[in-house]
Structure formats: C-alpha cells, structure tokens
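Dumped structure-v4.txt below, it's compact mmCIF, C-alpha atoms and all ligand atoms:
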```txt
# COMPACT_ATOMS: atom_id res chain seq x y z
CA MET D 1 14.41 39.42 4.52
CA LYS D 2 11.69 37.23 5.98
CA PRO D 3 11.81 33.73 4.51
CA LEU D 4 8.80 32.70 2.42
CA TYR D 5 8.38 29.64 4.56
CA GLN D 6 9.85 28.75 7.89
CA HIS D 7 10.06 25.18 9.05
CA PRO D 8 7.66 24.85 12.02
CA HIS D 9 10.36 22.97 14.03
CA LYS D 10 12.29 26.23 14.22
CA ASP D 11 9.41 27.98 15.94
CA ALA D 12 9.94 27.37 19.67
CA ALA D 13 6.45 28.63 20.46
CA GLN D 14 4.97 25.74 18.55
CA PRO D 15 5.85 22.42 20.24
CA LEU D 16 6.03 19.31 18.12
CA PRO D 17 3.35 16.65 18.62
CA GLN D 18 4.63 14.00 21.05
CA ASN D 19 2.53 11.10 19.84
CA ALA D 20 0.18 9.99 17.06
CA ALA D 21 -2.91 11.26 18.88
CA GLU D 22 -1.43 14.74 19.24
CA ALA D 23 -0.30 14.72 15.64
CA ALA D 24 -3.78 13.76 14.54
CA ASP D 25 -5.24 16.58 16.66
CA LEU D 26 -3.12 19.08 14.77
CA HIS D 27 -4.74 17.97 11.56
CA SER D 28 -8.25 17.49 12.83
CA GLN D 29 -9.77 20.73 11.61
CA PRO D 30 -13.03 19.96 9.88
CA ALA D 31 -12.83 19.88 6.10
CA SER D 32 -15.57 19.40 3.61
CA GLY D 33 -16.07 16.21 1.62
CA GLU D 34 -14.63 12.72 1.96
CA GLY D 35 -11.21 13.79 3.17
CA THR D 36 -12.46 15.01 6.56
CA HIS D 37 -9.98 14.12 9.30
CA ARG D 38 -11.00 12.50 12.53
CA PRO D 39 -8.54 12.48 15.39
CA MET D 40 -7.14 9.03 16.15
CA THR D 41 -7.25 8.22 19.82
CA GLY D 42 -6.75 5.18 22.10
CA ASP D 43 -8.24 1.88 20.91
CA ASP D 44 -9.56 3.56 17.80
CA ALA D 45 -6.00 4.33 16.69
CA GLU D 46 -4.79 0.80 17.40
CA GLN D 47 -7.67 -0.68 15.47
CA ARG D 48 -7.00 1.54 12.50
CA VAL D 49 -3.36 0.56 12.44
CA ALA D 50 -4.34 -3.10 12.59
CA HIS D 51 -6.92 -2.75 9.82
CA VAL D 52 -4.77 -0.70 7.48
CA ASP D 53 -1.69 -2.89 8.03
CA GLU D 54 -3.77 -6.01 7.47
CA ALA D 55 -5.19 -4.66 4.20
CA ILE D 56 -1.68 -3.84 2.99
CA ARG D 57 0.02 -7.00 4.25
CA SER D 58 -2.67 -9.38 3.02
CA ARG D 59 -2.48 -8.07 -0.54
CA ARG D 60 -0.83 -10.59 -2.80
CA SER D 61 -1.00 -11.03 -6.54
CA ILE D 62 -3.75 -13.59 -7.00
CA ARG D 63 -3.68 -15.63 -10.21
CA ALA D 64 -6.87 -17.76 -9.98
CA TYR D 65 -10.37 -16.55 -9.10
CA LEU D 66 -13.77 -17.92 -8.23
CA PRO D 67 -16.59 -17.05 -10.65
CA THR D 68 -18.42 -15.27 -7.78
CA PRO D 69 -19.54 -11.91 -9.20
CA VAL D 70 -18.51 -8.63 -7.62
CA PRO D 71 -21.39 -6.12 -7.38
CA GLN D 72 -20.81 -3.07 -9.56
CA ARG D 73 -21.55 -0.87 -6.53
CA MET D 74 -18.56 -2.43 -4.73
CA VAL D 75 -16.23 -1.79 -7.66
CA ALA D 76 -17.47 1.80 -7.82
CA ASP D 77 -16.81 2.20 -4.08
CA ILE D 78 -13.27 0.81 -4.43
CA LEU D 79 -12.46 3.17 -7.29
CA THR D 80 -14.02 6.12 -5.49
CA VAL D 81 -12.00 5.56 -2.33
CA ALA D 82 -8.83 4.91 -4.38
CA SER D 83 -9.34 8.23 -6.15
CA ARG D 84 -8.41 9.87 -2.82
CA ALA D 85 -4.83 8.95 -3.84
CA PRO D 86 -2.66 12.04 -4.15
CA SER D 87 -1.54 13.40 -7.50
CA GLY D 88 0.71 16.34 -8.29
CA SER D 89 -1.48 19.47 -8.48
CA ASN D 90 -4.45 17.11 -8.04
CA ILE D 91 -4.61 16.37 -11.75
CA GLN D 92 -5.89 12.79 -11.17
CA PRO D 93 -4.46 11.14 -14.29
CA TRP D 94 -6.31 7.82 -13.95
CA GLN D 95 -8.84 6.84 -16.65
CA THR D 96 -10.19 3.43 -15.76
CA TYR D 97 -12.26 0.87 -17.70
CA VAL D 98 -14.24 -1.66 -15.66
CA LEU D 99 -15.06 -4.78 -17.68
CA THR D 100 -17.53 -7.47 -16.72
CA GLY D 101 -19.85 -9.86 -18.58
CA GLN D 102 -19.92 -9.57 -22.36
CA ALA D 103 -17.43 -6.68 -22.48
CA LEU D 104 -14.92 -8.76 -20.52
CA THR D 105 -15.43 -11.86 -22.67
CA ALA D 106 -15.08 -9.85 -25.88
CA LEU D 107 -11.77 -8.32 -24.84
CA THR D 108 -10.27 -11.51 -23.43
CA SER D 109 -11.14 -13.48 -26.59
CA ARG D 110 -9.51 -10.87 -28.80
CA LEU D 111 -6.41 -10.80 -26.57
CA LEU D 112 -6.07 -14.57 -26.42
CA GLU D 113 -6.46 -14.77 -30.18
CA ALA D 114 -3.60 -12.30 -30.59
CA PHE D 115 -1.40 -13.96 -27.96
CA ASN D 116 -1.94 -17.53 -29.12
CA ASP D 117 -1.11 -16.83 -32.76
CA PRO D 118 2.71 -16.55 -33.09
CA ALA D 119 2.45 -14.38 -36.21
CA GLN D 120 0.07 -11.91 -34.55
CA ARG D 121 2.02 -11.96 -31.30
CA LEU D 122 5.14 -10.73 -33.08
CA MET D 123 3.26 -7.68 -34.30
CA HIS D 124 2.52 -6.42 -30.79
CA GLN D 125 4.94 -4.45 -28.69
CA GLU D 126 4.58 -2.49 -25.48
CA GLU D 127 4.42 1.27 -25.83
CA TYR D 128 6.51 1.98 -22.78
CA ALA D 129 9.38 0.10 -21.18
CA TYR D 130 8.20 -1.38 -17.92
CA TYR D 131 11.44 -3.28 -17.33
CA PRO D 132 15.07 -2.24 -17.77
CA ARG D 133 16.69 -3.13 -21.09
CA GLU D 134 19.52 -4.82 -19.22
CA TRP D 135 19.01 -6.71 -15.99
CA THR D 136 21.44 -6.21 -13.14
CA GLU D 137 21.59 -7.47 -9.58
CA PRO D 138 19.78 -7.59 -7.21
CA TYR D 139 16.80 -7.17 -9.55
CA GLN D 140 17.62 -10.05 -11.85
CA ALA D 141 17.82 -12.56 -8.98
CA ARG D 142 14.56 -11.33 -7.44
CA ARG D 143 12.80 -11.53 -10.78
CA ARG D 144 14.04 -15.06 -11.39
CA LYS D 145 13.09 -16.19 -7.92
CA VAL D 146 9.48 -15.10 -8.17
CA GLY D 147 9.20 -16.71 -11.62
CA TRP D 148 10.62 -20.05 -10.51
CA ASP D 149 8.63 -20.02 -7.28
CA LEU D 150 5.41 -19.60 -9.27
CA TYR D 151 6.35 -22.22 -11.86
CA GLY D 152 7.54 -24.53 -9.08
CA LEU D 153 4.11 -24.42 -7.41
CA LEU D 154 2.46 -25.13 -10.76
CA GLY D 155 4.90 -27.99 -11.47
CA ILE D 156 6.24 -26.25 -14.59
CA GLY D 157 9.82 -27.31 -15.32
CA ARG D 158 12.54 -25.02 -16.65
CA ALA D 159 12.37 -26.55 -20.13
CA ASP D 160 8.59 -26.57 -20.35
CA LYS D 161 8.17 -23.54 -22.59
CA ASP D 162 4.64 -24.49 -23.67
CA ARG D 163 3.30 -24.57 -20.13
CA MET D 164 5.11 -21.33 -19.29
CA GLN D 165 3.42 -19.74 -22.24
CA GLY D 166 0.10 -21.24 -21.15
CA GLN D 167 0.54 -19.64 -17.73
CA HIS D 168 1.42 -16.31 -19.34
CA ALA D 169 -1.71 -16.60 -21.49
CA ARG D 170 -3.80 -16.70 -18.29
CA ASN D 171 -3.02 -13.00 -17.91
CA PHE D 172 -5.23 -12.28 -20.88
CA CYS D 173 -8.38 -13.71 -19.34
CA PHE D 174 -7.55 -11.81 -16.12
CA PHE D 175 -6.90 -15.21 -14.49
CA ASP D 176 -10.68 -15.85 -14.81
CA ALA D 177 -11.54 -12.96 -12.48
CA PRO D 178 -15.13 -11.70 -12.85
CA VAL D 179 -13.88 -8.12 -13.17
CA GLY D 180 -11.12 -6.89 -15.44
CA LEU D 181 -9.77 -3.38 -15.04
CA ILE D 182 -7.85 -1.55 -17.74
CA PHE D 183 -5.99 1.57 -16.68
CA THR D 184 -5.15 4.24 -19.21
CA ILE D 185 -3.43 7.62 -19.15
CA ASP D 186 -3.30 10.63 -21.46
CA ARG D 187 -0.12 10.06 -23.40
CA HIS D 188 1.22 13.59 -23.09
CA LEU D 189 1.41 13.32 -19.30
CA GLU D 190 4.89 12.95 -17.85
CA GLN D 191 6.66 10.60 -15.42
CA GLY D 192 5.21 12.42 -12.43
CA SER D 193 1.72 11.34 -13.45
CA TRP D 194 2.89 7.74 -13.68
CA LEU D 195 4.07 8.09 -10.10
CA ASP D 196 0.59 9.34 -9.18
CA TYR D 197 -0.87 6.40 -11.07
CA GLY D 198 1.08 3.90 -8.98
CA MET D 199 -0.38 5.38 -5.82
CA PHE D 200 -3.86 5.11 -7.25
CA LEU D 201 -3.27 1.47 -8.26
CA GLN D 202 -2.03 0.50 -4.82
CA SER D 203 -5.03 2.25 -3.29
CA VAL D 204 -7.35 0.21 -5.53
CA MET D 205 -5.67 -3.00 -4.36
CA VAL D 206 -5.77 -2.07 -0.69
CA ALA D 207 -9.39 -0.91 -0.84
CA ALA D 208 -10.22 -4.23 -2.52
CA ARG D 209 -8.55 -6.15 0.30
CA ALA D 210 -10.55 -4.22 2.89
CA ARG D 211 -13.66 -5.67 1.20
CA GLY D 212 -12.32 -9.24 1.09
CA LEU D 213 -11.44 -9.02 -2.60
CA ASP D 214 -8.18 -9.85 -4.31
CA THR D 215 -6.30 -8.41 -7.24
CA CYS D 216 -3.38 -8.92 -9.59
CA PRO D 217 -1.84 -5.87 -11.26
CA GLN D 218 -0.94 -6.82 -14.84
CA ALA D 219 1.56 -5.07 -17.06
CA ALA D 220 1.12 -7.95 -19.53
CA PHE D 221 -1.73 -6.02 -21.14
CA ALA D 222 0.57 -3.18 -22.19
CA THR D 223 2.00 -5.36 -24.98
CA PHE D 224 -1.42 -5.68 -26.60
CA HIS D 225 -2.41 -2.04 -26.33
CA GLN D 226 -3.60 -1.96 -29.96
CA VAL D 227 -6.08 -4.77 -29.36
CA ILE D 228 -7.32 -3.05 -26.21
CA ALA D 229 -7.53 0.36 -27.88
CA ALA D 230 -9.63 -1.08 -30.70
CA GLU D 231 -11.92 -3.07 -28.42
CA LEU D 232 -12.49 -0.27 -25.90
CA ARG D 233 -12.45 2.45 -28.58
CA LEU D 234 -9.77 4.40 -26.73
CA PRO D 235 -9.06 7.86 -28.06
CA GLU D 236 -5.66 8.20 -29.82
CA THR D 237 -4.57 10.50 -27.04
CA ARG D 238 -4.70 7.80 -24.40
CA MET D 239 -2.39 4.86 -23.72
CA VAL D 240 -2.71 1.65 -21.73
CA VAL D 241 -0.81 1.65 -18.43
CA CYS D 242 -1.73 -1.85 -17.24
CA GLY D 243 -4.65 -4.06 -16.33
CA MET D 244 -5.81 -5.63 -13.11
CA ALA D 245 -7.78 -8.73 -12.19
CA LEU D 246 -10.33 -8.18 -9.42
CA GLY D 247 -12.42 -10.79 -7.67
CA TYR D 248 -12.50 -13.45 -4.98
CA ALA D 249 -9.41 -15.67 -4.79
CA ASP D 250 -9.87 -19.37 -5.51
CA PRO D 251 -8.58 -20.85 -2.24
CA LYS D 252 -7.95 -24.24 -3.87
CA ALA D 253 -5.71 -22.94 -6.67
CA ILE D 254 -2.09 -23.92 -6.02
CA GLU D 255 -0.70 -20.75 -7.61
CA ASN D 256 -2.49 -18.67 -4.99
CA GLN D 257 -0.19 -20.16 -2.36
CA LEU D 258 2.67 -18.02 -3.67
CA VAL D 259 3.96 -15.67 -0.99
CA THR D 260 6.74 -13.45 -2.28
CA GLU D 261 9.69 -12.29 -0.22
CA ARG D 262 10.81 -8.79 0.61
CA ALA D 263 14.32 -7.59 1.31
CA PRO D 264 14.87 -6.76 4.99
CA LEU D 265 14.54 -3.11 6.00
CA ASP D 266 18.25 -2.57 6.66
CA GLU D 267 19.06 -3.39 3.00
CA TRP D 268 17.14 -0.45 1.62
CA ALA D 269 16.06 2.02 4.35
CA HIS D 270 18.74 4.51 5.24
CA PHE D 271 18.00 6.26 8.50
CA ARG D 272 19.98 9.42 9.05
CA SER D 273 19.67 11.70 12.03
C1 LIG K 1 2.61 -2.72 -12.24
C2 LIG K 1 2.68 -4.21 -12.03
C3 LIG K 1 2.52 -5.05 -13.09
C4 LIG K 1 2.51 -6.43 -12.91
N1 LIG K 1 2.25 -7.23 -13.98
C5 LIG K 1 2.05 -8.55 -13.79
C6 LIG K 1 1.59 -9.36 -14.87
O1 LIG K 1 1.44 -8.92 -16.00
N2 LIG K 1 1.33 -10.67 -14.61
C7 LIG K 1 1.48 -11.21 -13.36
O2 LIG K 1 1.21 -12.40 -13.19
N3 LIG K 1 1.91 -10.45 -12.32
C8 LIG K 1 2.17 -9.15 -12.50
N4 LIG K 1 2.56 -8.35 -11.45
C9 LIG K 1 2.66 -8.92 -10.10
C10 LIG K 1 4.09 -9.04 -9.59
O3 LIG K 1 4.71 -10.16 -10.12
C11 LIG K 1 4.01 -9.12 -8.05
O4 LIG K 1 3.50 -7.90 -7.56
C12 LIG K 1 5.36 -9.38 -7.38
O5 LIG K 1 5.88 -10.62 -7.76
C13 LIG K 1 5.22 -9.34 -5.85
O6 LIG K 1 4.26 -10.28 -5.43
P1 LIG K 1 2.93 -9.87 -4.64
O7 LIG K 1 2.17 -8.90 -5.49
O8 LIG K 1 2.18 -11.18 -4.46
O9 LIG K 1 3.34 -9.25 -3.35
C14 LIG K 1 2.67 -6.98 -11.61
C15 LIG K 1 2.90 -6.11 -10.55
C16 LIG K 1 2.90 -4.76 -10.74
C17 LIG K 1 3.09 -3.85 -9.57
```
Structure re-expressed in structure tokens:
Amino acid sequence: MKPLYQHPHKDAAQPLPQNAAEAADLHSQPASGEGTHRPMTGDDAEQRVAHVDEAIRSRRSIRAYLPTPVPQRMVADILTVASRAPSGSNIQPWQTYVLTGQALTALTSRLLEAFNDPAQRLMHQEEYAYYPREWTEPYQARRRKVGWDLYGLLGIGRADKDRMQGQHARNFCFFDAPVGLIFTIDRHLEQGSWLDYGMFLQSVMVAARARGLDTCPQAAFATFHQVIAAELRLPETRMVVCGMALGYADPKAIENQLVTERAPLDEWAHFRS
C-alpha cells in the first residue's frame, strides 16, 4: 500500500537544499496576505539574521520605564505582527487588553489596593499553577539566583521583607510603563493553546524590541484575576494568563542593569544523528 505521506528525504529525485538561500527558494511561492515569503539571499540574509538575533538577544525583562508614551498605532502594529505566531489548527487563542491612560490608572489602583492590604491579599489566589508545587534542582537554584541578583542591584537585603514586598508591588503598576497589557484565554482551552500563547507572547516582546521598546512579562497579575476580571468586565468564560509592561526602558534605573544567565547549550540540547 502506498504510504499516506512519504518523507521527502527518501525521494532521490528531490535533492535537499544545500544552504539557507536554497531552502528559502523552496518556500518562496507567492502567498496572499502578510505571510508572503521572500527568498533570503546574500547580504539580505545576513542582515535578517543580525536583526532577528538582535531583537531576540536584546530582550530582557525591564522593571522601570520612562513616562514616554507609546503611540497606539505602534502597539497595534506589534500585536498584529505577533498574531502571525503559530497556533494549533490556527485557533489563535489570544485575547488581549491594551491599557493606557485612565484605564491603566484605574486597574493599577485597584490592584495595589488589593495587594497592599494583607486581609484582601489573602483572599486572592492564582487560578492556574505557574510554578511547580515543589521546587527541585536545577530550577530552584536558578530561581533563587535571579531573585537575589535583582534584590542585590536594588540593595535589598535577605531579611528586608518590606522592601521585597515593595518591589513585588511594582508589578501591579506595570513598573510605571505607559502601556499595560493583560492577556486572557478562554478557560475551556487546553494546554496546547497555552503553548500557542507562549509563542504569541514572545512574538509580542520581540516585535517590541524591533521598535526600540521594552517589556516585562508578568505572571504576578494571575493572582489578582478577580480584580482584573471586575475592572475589565471579562466574561466568565475567560481567564487571565498574565500581564506585560510595555514602554521605553528607564536607562538610569539600577534594576534595568539585570542581565540574567542561561545554561550553556551542551547542558540541555541533545544532538543525535
Ligand atoms: C510568563 C512569565 C511571567 C513572568 N512573570 C514575572 C513577574 O510577574 N514579575 C517579574 O518581575 N518578572 C516576571 N517574569 C520575568 C522573568 O523573571 C524573566 O523572564 C527571567 O528572570 C529571565 O530574565 P530576562 O527576561 O531578563 O531574560 C516573567 C517571565 C515570564 C516568561
């Protein structure tokens, strides 16, 4: 019986592309809409690699912003380009709220009120577990390192619980960014859609970098989903995934000097041939 699909490598008549330019040629058939492929050749290809790598590498979580506004058109462009992120069966599970001006102030005041009042704070719990219930290595050590590195820059000592809490509270005003994004998802969607969501979020952050903007993804908002749902009048069917600060980094803020580490490739990439 003829197989439903045969791997193209098995077809001797069809040679594999030998380089990136040839590979791009294979995929360069015109398509309608934004996704149209252009072949990458010569200098053009090198420049694209440099630009894309730079946008990815220069992304860092930025925790202090200038008040410089971001034009709504630019935010719309970033979200539009990020919506080219893939999603299983193209279901596009992202429902995004863009908050500026009065809408941003209203939400941040409600959140800070809830966070700063110990009695209220106890009433709020995240709807989904972002972190494991029990920490194991190497994750525990990595998590501690980034925490102490940030507190170290800010001069917050290990016993200084009040200042730690003060720093955590900064999440709820989006670290003073002029744009606050709240990402929500239909609650009946499954883990696969959360995977899709992550790709969309990274695309938002990379598209922001390409425009000279910075971001900080923020799961901290998930704890206060009830406050957010009330303020944004979210339908019952939708839940908060996370938030994100968007704006221009304050170059003078000490916390923005934080550069996090990554494990070397050979610790986690397993090449088999
Ligand atoms: C989904 C997600 C949620 C996060 N939530 C928070 C948050 O609530 N507050 C915060 O300060 N940083 C948050 N971060 C930022 C991480 O701490 C940061 O990505 C990590 O330390 C690596 O640093 P980098 O982003 O500068 O490369 C979050 C990151 C991700 C991906």
Could you list, as a ChimeraX atom specification, every residue within 10 Å of D:Leu154, counting all atoms listed in the file and ignoring same-chain residues fewer than 2 positions away?
/D:148-152,156-157,163-164,167,253-256
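Among the candidates D:Val98, D:Leu195, D:Leu111, D:Cys242, the residue lying nearest to D:Met74 is D:Val98 (atoms considered: all atoms listed in the file).
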Residues contacting ligand LIG 1 (chain K) - anything with an atom at most 10 Å away, using all atoms listed in the file - can you give me those as number ranges by chain?
D: 56-63, 130, 142-147, 149-150, 167-172, 174-175, 197-198, 201-202, 205, 215-223, 241-245, 256-262
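One finds atom CA of D:Leu107 at 25.2 Å from atom CA of D:Lys161.
Here atom CA of D:Ile91 stands at a distance of 18.9 Å from atom CA of D:Pro235.
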Have a look at D:Ala210, D:Ala177, D:Val227, D:Leu265 and name the one nearest to D:Ala114; count only C-alpha atoms.
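Ranking D:Ala210, D:Ala177, D:Val227, D:Leu265 by distance to D:Ala114, first place goes to D:Val227.
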Find the residues around D:Gln95 up to 7 Å (all atoms listed in the file counted), leave out those fewer than 3 positions away in its own chain, and share them as a PyMOL selection string.
chain D and resi 183-185
Distance query stretch 51-55 of chain D at most 12 Å, all atoms listed in the file, self and fewer than 6 positions along chain excluded, as a list in words:
Asp44, Ala45, Gln202, Ser203, Val204, Met205, Val206, Ala207, Ala208, Arg209, Ala210, Arg211, Gly212, Leu213 and Asp214 of chain D
Taking all atoms listed in the file into account, name the residue in D:Arg187, D:Pro67, D:Ala50, D:His37 that is nearest to D:Thr237.
D:Arg187
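Comparing D:Asp43, D:Ala82, D:Lys252, D:His124 by their smallest distance to D:Thr96, the closest is D:Ala82 (using all atoms listed in the file).
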When you look at D:Asp196 with a cut-off of 8 Å (counting only C-alpha atoms), what residues show up, excluding the ones that are within fewer than 6 positions of it in the same chain? I need them as a CSV table (one decimal) with C-alpha atoms, keeping the file's coordinate frame.
```
chain,number,residue,atom,x,y,z
D,85,ALA,CA,-4.8,9.0,-3.8
D,86,PRO,CA,-2.7,12.0,-4.2
D,87,SER,CA,-1.5,13.4,-7.5
D,88,GLY,CA,0.7,16.3,-8.3
D,92,GLN,CA,-5.9,12.8,-11.2
D,93,PRO,CA,-4.5,11.1,-14.3
```
Point-to-point distance from atom CA of D:Phe200 to atom CA of D:Thr80, Å rounded to tenths:
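Answer for the atom CA of D:Phe200 to atom CA of D:Thr80 separation: 10.4 Å.
Nearest-residue note for D:Leu189: choosing from D:Leu79, D:Val49, D:Val70, D:Met239, the minimum distance belongs to D:Met239, counting all atoms listed in the file.
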Residues near D:Glu236, cut-off 12 Å, all atoms listed in the file, skip fewer than 5 positions along chain, as an mmCIF file with C-alpha atoms, keeping the file's coordinate frame:
```
data_model
loop_
_atom_site.group_PDB
_atom_site.id
_atom_site.type_symbol
_atom_site.label_atom_id
_atom_site.label_comp_id
_atom_site.auth_asym_id
_atom_site.auth_seq_id
_atom_site.Cartn_x
_atom_site.Cartn_y
_atom_site.Cartn_z
ATOM 1 C CA THR D 184 -5.150 4.240 -19.210
ATOM 2 C CA ILE D 185 -3.430 7.620 -19.150
ATOM 3 C CA ASP D 186 -3.300 10.630 -21.460
ATOM 4 C CA ARG D 187 -0.120 10.060 -23.400
ATOM 5 C CA HIS D 188 1.220 13.590 -23.090
ATOM 6 C CA HIS D 225 -2.410 -2.040 -26.330
ATOM 7 C CA GLN D 226 -3.600 -1.960 -29.960
ATOM 8 C CA ILE D 228 -7.320 -3.050 -26.210
ATOM 9 C CA ALA D 229 -7.530 0.360 -27.880
ATOM 10 C CA ALA D 230 -9.630 -1.080 -30.700
#
```
